[in-house]
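Working notes, structure below.
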Amino acid sequence: WPVHAPYIKAINELKKVRGAAILAHNYQTPEIFHGVSDIVGDSLQLAKEATKVDADIIIQCGVHFMAETSKLLNPEKTVLIPDMKAGCSLASSITGADVRALKAAYPGVPVVAYVNTSADVKAEVDICCTSSNAVQVVESLGTDRVIFLPDQYLARWVATQTEVDIIAWKGACEVHERFTGEELRDYKASDPSIKVIAHPECPPDVIAEADYTGSTAGIIDWVVENGQGKVLMVTECSMADNVAASAPDVEFVRPCNLCPHMKRITLPKILDTLLTVEGEVLIAQEMAKRARASVEAMVNLNN
Ligand code: 13P
Ligand code: SF4
């Protein structure tokens, strides 16, 4: 990417000088994903890898809740985000006060929070999950009923995979809720060989059309392992660009939905973050202690 080359060079040099590691979510643009990141992955991989980072400074190329999760797991490190306004429609759909009201309405029922939530919400719940371990986390609690928040569609998908009764919140991802079953049926009608791979944040009529449903890492693995012919990845658009080099026999069919929050992170902003060391993500101590416990409960499940 000639236009990006000077930024990529400057960032890679300066991050060494600063002793910084760059963590990038699978939805980052290819020049960030391939050009400057040290660790890439889905939410679970980034949360786990964050605990192994040697560097004193973590630059989180993703949205704010991801930077908070890194800070929770690395309280001694400086965690910086290149744009503080990089939010998430799921994280902003619920507050800690909403969780307290839910707990009062369903006394004794454990609460699982998708990591796409603020530290304020994580502080109120029993355990976190991501889209790659949601079913395992729900079943780990050993109860008949679980409150699952904030994504109503992920909750509905989990409910199809387990006997546990799921009480859902009403949040939705503004990117995945835009896909429709109808548009997928139209694509398939135009070419029945197309494989449809969906993220579980999609509505049920979309998932009903999918050949595989999984987290962003699950989607990448599926495409790299099985990929040939036409594949329609029903998720954020940058994923296809990022996985293209690892799946040369795949032709990506794309309705292109971008996450405006993820796209706030750019190379110039990353460089600026390295230059100024501004954009630190901080979490009040008492809240952090409780939120960390629910993230660690998840991370420790497989350890
Ligand atoms: P993953 O955990 O699958 O990467 O999902 C995070 C996310 O924000 C999807 O929209
Ligand atoms: Fe949030 Fe959806 Fe963007 Fe993921 S894609 S960060 S869930 S708004």
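Residue names in the structure tokens use chain letters A, B, ... in the order shown, residue numbers from 1 in each chain, and ligand numbers from 1 in the order shown.
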
Nearby polymer residues, ligand 1, at most 6 Å, only C-alpha atoms and all ligand atoms, as a list in words: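 Sorted by chain and then by number, the residues are Asp42, Ser43, Leu44, Thr130, Ser131, Ser215 and Thr216 of chain A.
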
Residues from last step as file, N, CA and C atoms, as a JSON list (two decimals), in the first residue's frame:
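Result written to out25.json:
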[["chain", "number", "residue", "atom", "x", "y", "z"],
["A", 42, "ASP", "N", -9.61, -12.40, 17.40],
["A", 42, "ASP", "CA", -10.97, -12.06, 17.81],
["A", 42, "ASP", "C", -10.91, -11.58, 19.26],
["A", 43, "SER", "N", -12.05, -11.27, 19.84],
["A", 43, "SER", "CA", -12.06, -10.68, 21.18],
["A", 43, "SER", "C", -11.40, -11.61, 22.21],
["A", 44, "LEU", "N", -11.67, -12.92, 22.09],
["A", 44, "LEU", "CA", -11.11, -13.86, 23.08],
["A", 44, "LEU", "C", -9.59, -13.95, 22.93],
["A", 130, "THR", "N", -17.23, -14.47, 25.08],
["A", 130, "THR", "CA", -17.13, -13.89, 23.74],
["A", 130, "THR", "C", -17.96, -14.77, 22.82],
["A", 131, "SER", "N", -18.01, -14.43, 21.54],
["A", 131, "SER", "CA", -18.81, -15.26, 20.64],
["A", 131, "SER", "C", -18.18, -16.64, 20.45],
["A", 215, "SER", "N", -17.32, -17.06, 15.65],
["A", 215, "SER", "CA", -16.65, -15.79, 15.95],
["A", 215, "SER", "C", -15.80, -15.36, 14.75],
["A", 216, "THR", "N", -15.23, -14.17, 14.82],
["A", 216, "THR", "CA", -14.41, -13.72, 13.69],
["A", 216, "THR", "C", -13.23, -14.67, 13.47]]

Shell of 8 Å around ligand 2 (only C-alpha atoms and all ligand atoms), written as a PyMOL selection string: chain A and resi 27+62-63+87-91+116+172-176+201+235-236+258-262

Residues within 9 Å of Thr95 (chain A), only C-alpha atoms, excluding chain neighbours under 6 positions, as a ChimeraX atom specification: /A:117-118,120-121

Close residues, Lys48 (chain A) itself excluded, 12 Å, only C-alpha atoms, min 6 positions apart in chain, as a ChimeraX atom specification: /A:23,39-42,66,69-70,72-74,130,295-296,298-303

Residue nearest Cys202 (chain A) among A:Ile166, A:Ala284, A:Ala240, A:Ala155 (counting only C-alpha atoms):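 Of all the options, A:Ala155 lies closest to Cys202 (chain A).
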
Between CA of Ala47 (chain A) and CA of Ile220 (chain A) - distance in Å to one decimal: 17.8 Å

Strand (DSSP E) per DSSP on the backbone: members of region 131-236 of chain A, as a ChimeraX atom specification: /A:145-149,165-168,195-198,212-213,229-234

Exercise: Tyr187 (chain A) partners within 9 Å, only C-alpha atoms, chain neighbours under 6 positions left out, as a list in words: Ile194, Leu232 and Val253 of chain A

Selection file, N, CA and C atoms, as a compact mmCIF listing (two decimals), in the first residue's frame:
# COMPACT_ATOMS: atom_id res chain seq x y z
N ILE A 194 -22.50 -20.66 -3.61
CA ILE A 194 -21.96 -19.72 -2.61
C ILE A 194 -22.09 -20.30 -1.20
N LEU A 232 -19.39 -15.97 1.11
CA LEU A 232 -19.97 -14.70 1.55
C LEU A 232 -19.84 -14.67 3.08
N VAL A 253 -17.65 -12.87 -2.00
CA VAL A 253 -18.84 -12.18 -2.47
C VAL A 253 -19.17 -11.21 -1.34

For Leu141 (chain A): contacts at 10 Å, only C-alpha atoms, fewer than 3 positions along chain excluded, given as a list in words: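 Close residues of Leu141 (chain A): Val109, Pro110, Val111, Val112, Asp126, Ile127, Gln136, Val137, Val138, Asp144, Arg145, Val146 and Val164 of chain A.
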
Run DSSP on the backbone and grab whatever in region 55-298 of chain A lands in alpha helix (DSSP H); send it over as a PDB file with C-alpha atoms, in the first residue's frame.
ATOM      1  CA  HIS A  64     -13.115   1.042  23.611  1.00  0.00           C
ATOM      2  CA  PHE A  65     -14.438  -2.077  25.402  1.00  0.00           C
ATOM      3  CA  MET A  66     -11.500  -4.051  23.970  1.00  0.00           C
ATOM      4  CA  ALA A  67      -9.028  -1.513  25.361  1.00  0.00           C
ATOM      5  CA  GLU A  68     -10.782  -1.680  28.732  1.00  0.00           C
ATOM      6  CA  THR A  69     -10.490  -5.476  28.701  1.00  0.00           C
ATOM      7  CA  SER A  70      -6.755  -5.196  28.022  1.00  0.00           C
ATOM      8  CA  LYS A  71      -6.416  -2.699  30.882  1.00  0.00           C
ATOM      9  CA  LEU A  72      -8.363  -4.982  33.243  1.00  0.00           C
ATOM     10  CA  LEU A  73      -5.990  -7.846  32.494  1.00  0.00           C
ATOM     11  CA  GLY A  96     -24.349  -1.148  35.295  1.00  0.00           C
ATOM     12  CA  ALA A  97     -27.647   0.201  36.695  1.00  0.00           C
ATOM     13  CA  ASP A  98     -29.569  -1.819  34.064  1.00  0.00           C
ATOM     14  CA  VAL A  99     -27.746  -4.976  35.203  1.00  0.00           C
ATOM     15  CA  ARG A 100     -28.595  -4.265  38.847  1.00  0.00           C
ATOM     16  CA  ALA A 101     -32.269  -3.916  37.856  1.00  0.00           C
ATOM     17  CA  LEU A 102     -32.121  -7.238  35.960  1.00  0.00           C
ATOM     18  CA  LYS A 103     -30.576  -8.970  38.963  1.00  0.00           C
ATOM     19  CA  ALA A 104     -33.350  -7.591  41.174  1.00  0.00           C
ATOM     20  CA  ALA A 105     -35.968  -8.880  38.717  1.00  0.00           C
ATOM     21  CA  ALA A 119     -16.253  -2.106  32.655  1.00  0.00           C
ATOM     22  CA  ASP A 120     -19.227  -0.643  34.550  1.00  0.00           C
ATOM     23  CA  VAL A 121     -21.370  -3.561  33.273  1.00  0.00           C
ATOM     24  CA  LYS A 122     -18.647  -6.187  33.674  1.00  0.00           C
ATOM     25  CA  ALA A 134     -20.511 -18.219  24.844  1.00  0.00           C
ATOM     26  CA  VAL A 135     -22.128 -21.678  24.973  1.00  0.00           C
ATOM     27  CA  GLN A 136     -19.303 -23.102  27.101  1.00  0.00           C
ATOM     28  CA  VAL A 137     -19.520 -20.154  29.528  1.00  0.00           C
ATOM     29  CA  VAL A 138     -23.323 -20.442  29.874  1.00  0.00           C
ATOM     30  CA  GLU A 139     -23.067 -24.175  30.573  1.00  0.00           C
ATOM     31  CA  SER A 140     -20.150 -23.731  33.005  1.00  0.00           C
ATOM     32  CA  GLN A 152     -30.333 -10.336  21.825  1.00  0.00           C
ATOM     33  CA  TYR A 153     -29.174 -12.160  18.671  1.00  0.00           C
ATOM     34  CA  LEU A 154     -26.125 -13.806  20.202  1.00  0.00           C
ATOM     35  CA  ALA A 155     -28.435 -14.794  23.101  1.00  0.00           C
ATOM     36  CA  ARG A 156     -30.893 -16.369  20.662  1.00  0.00           C
ATOM     37  CA  TRP A 157     -28.107 -18.230  18.874  1.00  0.00           C
ATOM     38  CA  VAL A 158     -26.731 -19.537  22.195  1.00  0.00           C
ATOM     39  CA  ALA A 159     -30.264 -20.660  23.122  1.00  0.00           C
ATOM     40  CA  THR A 160     -30.293 -22.889  20.021  1.00  0.00           C
ATOM     41  CA  GLN A 161     -27.045 -24.568  21.176  1.00  0.00           C
ATOM     42  CA  GLY A 181     -32.155 -13.497   5.327  1.00  0.00           C
ATOM     43  CA  GLU A 182     -33.793 -12.203   2.152  1.00  0.00           C
ATOM     44  CA  GLU A 183     -30.575 -10.729   0.719  1.00  0.00           C
ATOM     45  CA  LEU A 184     -28.729 -13.981   1.460  1.00  0.00           C
ATOM     46  CA  ARG A 185     -31.430 -16.021  -0.269  1.00  0.00           C
ATOM     47  CA  ASP A 186     -31.086 -13.701  -3.281  1.00  0.00           C
ATOM     48  CA  TYR A 187     -27.301 -14.268  -3.388  1.00  0.00           C
ATOM     49  CA  LYS A 188     -27.802 -18.038  -3.125  1.00  0.00           C
ATOM     50  CA  ALA A 189     -30.453 -17.989  -5.832  1.00  0.00           C
ATOM     51  CA  SER A 190     -28.016 -16.184  -8.142  1.00  0.00           C
ATOM     52  CA  PRO A 204     -31.831 -15.614  13.312  1.00  0.00           C
ATOM     53  CA  ASP A 205     -33.141 -15.489   9.728  1.00  0.00           C
ATOM     54  CA  VAL A 206     -29.567 -14.706   8.593  1.00  0.00           C
ATOM     55  CA  ILE A 207     -28.043 -17.511  10.669  1.00  0.00           C
ATOM     56  CA  THR A 216     -14.412 -13.722  13.693  1.00  0.00           C
ATOM     57  CA  ALA A 217     -11.522 -16.142  14.410  1.00  0.00           C
ATOM     58  CA  GLY A 218     -13.825 -19.109  13.732  1.00  0.00           C
ATOM     59  CA  ILE A 219     -14.827 -17.544  10.415  1.00  0.00           C
ATOM     60  CA  ILE A 220     -11.194 -16.997   9.392  1.00  0.00           C
ATOM     61  CA  ASP A 221     -10.271 -20.584  10.347  1.00  0.00           C
ATOM     62  CA  TRP A 222     -13.251 -21.956   8.416  1.00  0.00           C
ATOM     63  CA  VAL A 223     -12.338 -19.990   5.295  1.00  0.00           C
ATOM     64  CA  VAL A 224      -8.639 -20.918   5.440  1.00  0.00           C
ATOM     65  CA  GLU A 225      -9.415 -24.626   6.006  1.00  0.00           C
ATOM     66  CA  ASN A 226     -12.424 -25.109   3.673  1.00  0.00           C
ATOM     67  CA  SER A 238     -12.533  -5.715   6.366  1.00  0.00           C
ATOM     68  CA  MET A 239     -12.432  -9.397   7.323  1.00  0.00           C
ATOM     69  CA  ALA A 240     -12.458 -10.430   3.676  1.00  0.00           C
ATOM     70  CA  ASP A 241      -9.485  -8.139   2.906  1.00  0.00           C
ATOM     71  CA  ASN A 242      -7.544  -9.472   5.895  1.00  0.00           C
ATOM     72  CA  VAL A 243      -8.065 -13.167   5.175  1.00  0.00           C
ATOM     73  CA  LEU A 267      -2.612   4.790  10.751  1.00  0.00           C
ATOM     74  CA  PRO A 268      -2.242   8.589  11.330  1.00  0.00           C
ATOM     75  CA  LYS A 269      -4.046   8.251  14.676  1.00  0.00           C
ATOM     76  CA  ILE A 270      -1.851   5.299  15.700  1.00  0.00           C
ATOM     77  CA  LEU A 271       1.264   7.325  14.864  1.00  0.00           C
ATOM     78  CA  ASP A 272      -0.091  10.275  16.814  1.00  0.00           C
ATOM     79  CA  THR A 273      -0.742   8.002  19.806  1.00  0.00           C
ATOM     80  CA  LEU A 274       2.857   6.796  19.702  1.00  0.00           C
ATOM     81  CA  LEU A 275       4.154  10.356  19.435  1.00  0.00           C
ATOM     82  CA  THR A 276       2.038  11.857  22.226  1.00  0.00           C
ATOM     83  CA  GLN A 285     -10.005   0.932  41.038  1.00  0.00           C
ATOM     84  CA  GLU A 286     -13.049  -0.575  42.771  1.00  0.00           C
ATOM     85  CA  MET A 287     -14.924  -1.061  39.485  1.00  0.00           C
ATOM     86  CA  ALA A 288     -11.807  -2.538  37.874  1.00  0.00           C
ATOM     87  CA  LYS A 289     -11.419  -5.106  40.660  1.00  0.00           C
ATOM     88  CA  ARG A 290     -14.948  -6.440  40.146  1.00  0.00           C
ATOM     89  CA  ALA A 291     -14.872  -6.226  36.341  1.00  0.00           C
ATOM     90  CA  ARG A 292     -11.495  -8.023  36.257  1.00  0.00           C
ATOM     91  CA  ALA A 293     -12.958 -10.926  38.240  1.00  0.00           C
ATOM     92  CA  SER A 294     -15.637 -11.546  35.592  1.00  0.00           C
ATOM     93  CA  VAL A 295     -13.114 -11.362  32.710  1.00  0.00           C
ATOM     94  CA  GLU A 296     -10.673 -13.629  34.571  1.00  0.00           C
ATOM     95  CA  ALA A 297     -13.451 -16.130  35.313  1.00  0.00           C
ATOM     96  CA  MET A 298     -13.831 -16.470  31.532  1.00  0.00           C
TER      97      MET A 298
END

For region 32-37 of chain A, find every residue with an atom within 9 Å (counting only C-alpha atoms), except residues of its own chain fewer than 3 positions away, and show them as a PDB file with N, CA and C atoms, in the first residue's frame.
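Result saved to around-v3.pdb:
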ATOM      1  N   HIS A   4       0.255   4.148   2.279  1.00  0.00           N
ATOM      2  CA  HIS A   4       0.386   3.895   3.721  1.00  0.00           C
ATOM      3  C   HIS A   4       1.825   3.674   4.162  1.00  0.00           C
ATOM      4  N   ALA A   5       2.724   3.394   3.196  1.00  0.00           N
ATOM      5  CA  ALA A   5       4.089   2.950   3.533  1.00  0.00           C
ATOM      6  C   ALA A   5       4.816   3.870   4.512  1.00  0.00           C
ATOM      7  N   ILE A   8       3.424   3.244   7.970  1.00  0.00           N
ATOM      8  CA  ILE A   8       3.755   1.905   8.482  1.00  0.00           C
ATOM      9  C   ILE A   8       5.201   1.890   8.982  1.00  0.00           C
ATOM     10  N   LYS A   9       6.102   2.486   8.200  1.00  0.00           N
ATOM     11  CA  LYS A   9       7.517   2.526   8.580  1.00  0.00           C
ATOM     12  C   LYS A   9       7.692   3.314   9.886  1.00  0.00           C
ATOM     13  N   ILE A  11       5.510   4.022  12.242  1.00  0.00           N
ATOM     14  CA  ILE A  11       4.874   3.361  13.395  1.00  0.00           C
ATOM     15  C   ILE A  11       5.743   2.192  13.868  1.00  0.00           C
ATOM     16  N   ASN A  12       6.211   1.380  12.918  1.00  0.00           N
ATOM     17  CA  ASN A  12       6.998   0.213  13.324  1.00  0.00           C
ATOM     18  C   ASN A  12       8.318   0.606  13.981  1.00  0.00           C
ATOM     19  N   ALA A  21       3.362  -2.475  22.238  1.00  0.00           N
ATOM     20  CA  ALA A  21       2.836  -3.568  21.410  1.00  0.00           C
ATOM     21  C   ALA A  21       1.493  -3.132  20.848  1.00  0.00           C
ATOM     22  N   ILE A  22       1.267  -3.468  19.579  1.00  0.00           N
ATOM     23  CA  ILE A  22       0.009  -3.084  18.931  1.00  0.00           C
ATOM     24  C   ILE A  22      -0.887  -4.319  18.787  1.00  0.00           C
ATOM     25  N   LEU A  23      -2.059  -4.240  19.436  1.00  0.00           N
ATOM     26  CA  LEU A  23      -3.047  -5.322  19.365  1.00  0.00           C
ATOM     27  C   LEU A  23      -4.151  -4.885  18.401  1.00  0.00           C
ATOM     28  N   ALA A  24      -4.470  -5.717  17.439  1.00  0.00           N
ATOM     29  CA  ALA A  24      -5.484  -5.308  16.445  1.00  0.00           C
ATOM     30  C   ALA A  24      -6.574  -6.359  16.292  1.00  0.00           C
ATOM     31  N   HIS A  25      -7.820  -5.904  16.326  1.00  0.00           N
ATOM     32  CA  HIS A  25      -8.954  -6.809  16.111  1.00  0.00           C
ATOM     33  C   HIS A  25      -9.057  -7.165  14.622  1.00  0.00           C
ATOM     34  N   ASN A  26      -9.673  -8.320  14.358  1.00  0.00           N
ATOM     35  CA  ASN A  26      -9.831  -8.804  12.977  1.00  0.00           C
ATOM     36  C   ASN A  26     -10.558  -7.823  12.057  1.00  0.00           C
ATOM     37  N   TYR A  27     -11.274  -6.845  12.598  1.00  0.00           N
ATOM     38  CA  TYR A  27     -11.998  -5.869  11.765  1.00  0.00           C
ATOM     39  C   TYR A  27     -11.159  -4.652  11.394  1.00  0.00           C
ATOM     40  N   GLN A  28      -9.928  -4.599  11.818  1.00  0.00           N
ATOM     41  CA  GLN A  28      -9.105  -3.442  11.434  1.00  0.00           C
ATOM     42  C   GLN A  28      -8.774  -3.528   9.944  1.00  0.00           C
ATOM     43  N   THR A  29      -8.453  -2.384   9.349  1.00  0.00           N
ATOM     44  CA  THR A  29      -8.138  -2.370   7.918  1.00  0.00           C
ATOM     45  C   THR A  29      -6.827  -3.124   7.662  1.00  0.00           C
ATOM     46  N   VAL A  40      -2.947 -10.125  16.424  1.00  0.00           N
ATOM     47  CA  VAL A  40      -4.269  -9.930  15.837  1.00  0.00           C
ATOM     48  C   VAL A  40      -5.179 -11.047  16.338  1.00  0.00           C
ATOM     49  N   CYS A  61      -5.882  -1.398  18.893  1.00  0.00           N
ATOM     50  CA  CYS A  61      -6.549  -1.009  17.646  1.00  0.00           C
ATOM     51  C   CYS A  61      -7.822  -1.832  17.562  1.00  0.00           C
ATOM     52  N   ASN A 242      -8.605  -8.967   5.024  1.00  0.00           N
ATOM     53  CA  ASN A 242      -7.544  -9.472   5.895  1.00  0.00           C
ATOM     54  C   ASN A 242      -7.236 -10.948   5.667  1.00  0.00           C
ATOM     55  N   ILE A 265     -10.202   3.969  13.890  1.00  0.00           N
ATOM     56  CA  ILE A 265      -8.770   3.735  14.107  1.00  0.00           C
ATOM     57  C   ILE A 265      -8.067   3.766  12.753  1.00  0.00           C
ATOM     58  N   THR A 266      -7.091   4.664  12.632  1.00  0.00           N
ATOM     59  CA  THR A 266      -6.378   4.825  11.357  1.00  0.00           C
ATOM     60  C   THR A 266      -4.866   4.886  11.631  1.00  0.00           C
ATOM     61  N   LEU A 267      -4.075   4.701  10.578  1.00  0.00           N
ATOM     62  CA  LEU A 267      -2.612   4.790  10.751  1.00  0.00           C
ATOM     63  C   LEU A 267      -2.181   6.154  11.299  1.00  0.00           C
TER      64      LEU A 267
END

Length of the CA of Pro75 (chain A) to CA of Ser92 (chain A) vector [Å]: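 Between CA of Pro75 (chain A) and CA of Ser92 (chain A) the gap is 23.3 Å.
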
Atom pair CA of Leu80 (chain A) / CA of Pro6 (chain A): separation (Å): 21.8 Å

Among the residues A:Ser93, A:Tyr106, A:Pro192, A:Cys129, the one that comes closest to Gln45 (chain A) [using only C-alpha atoms]: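 Ranked by minimum distance to Gln45 (chain A), first place goes to A:Cys129.
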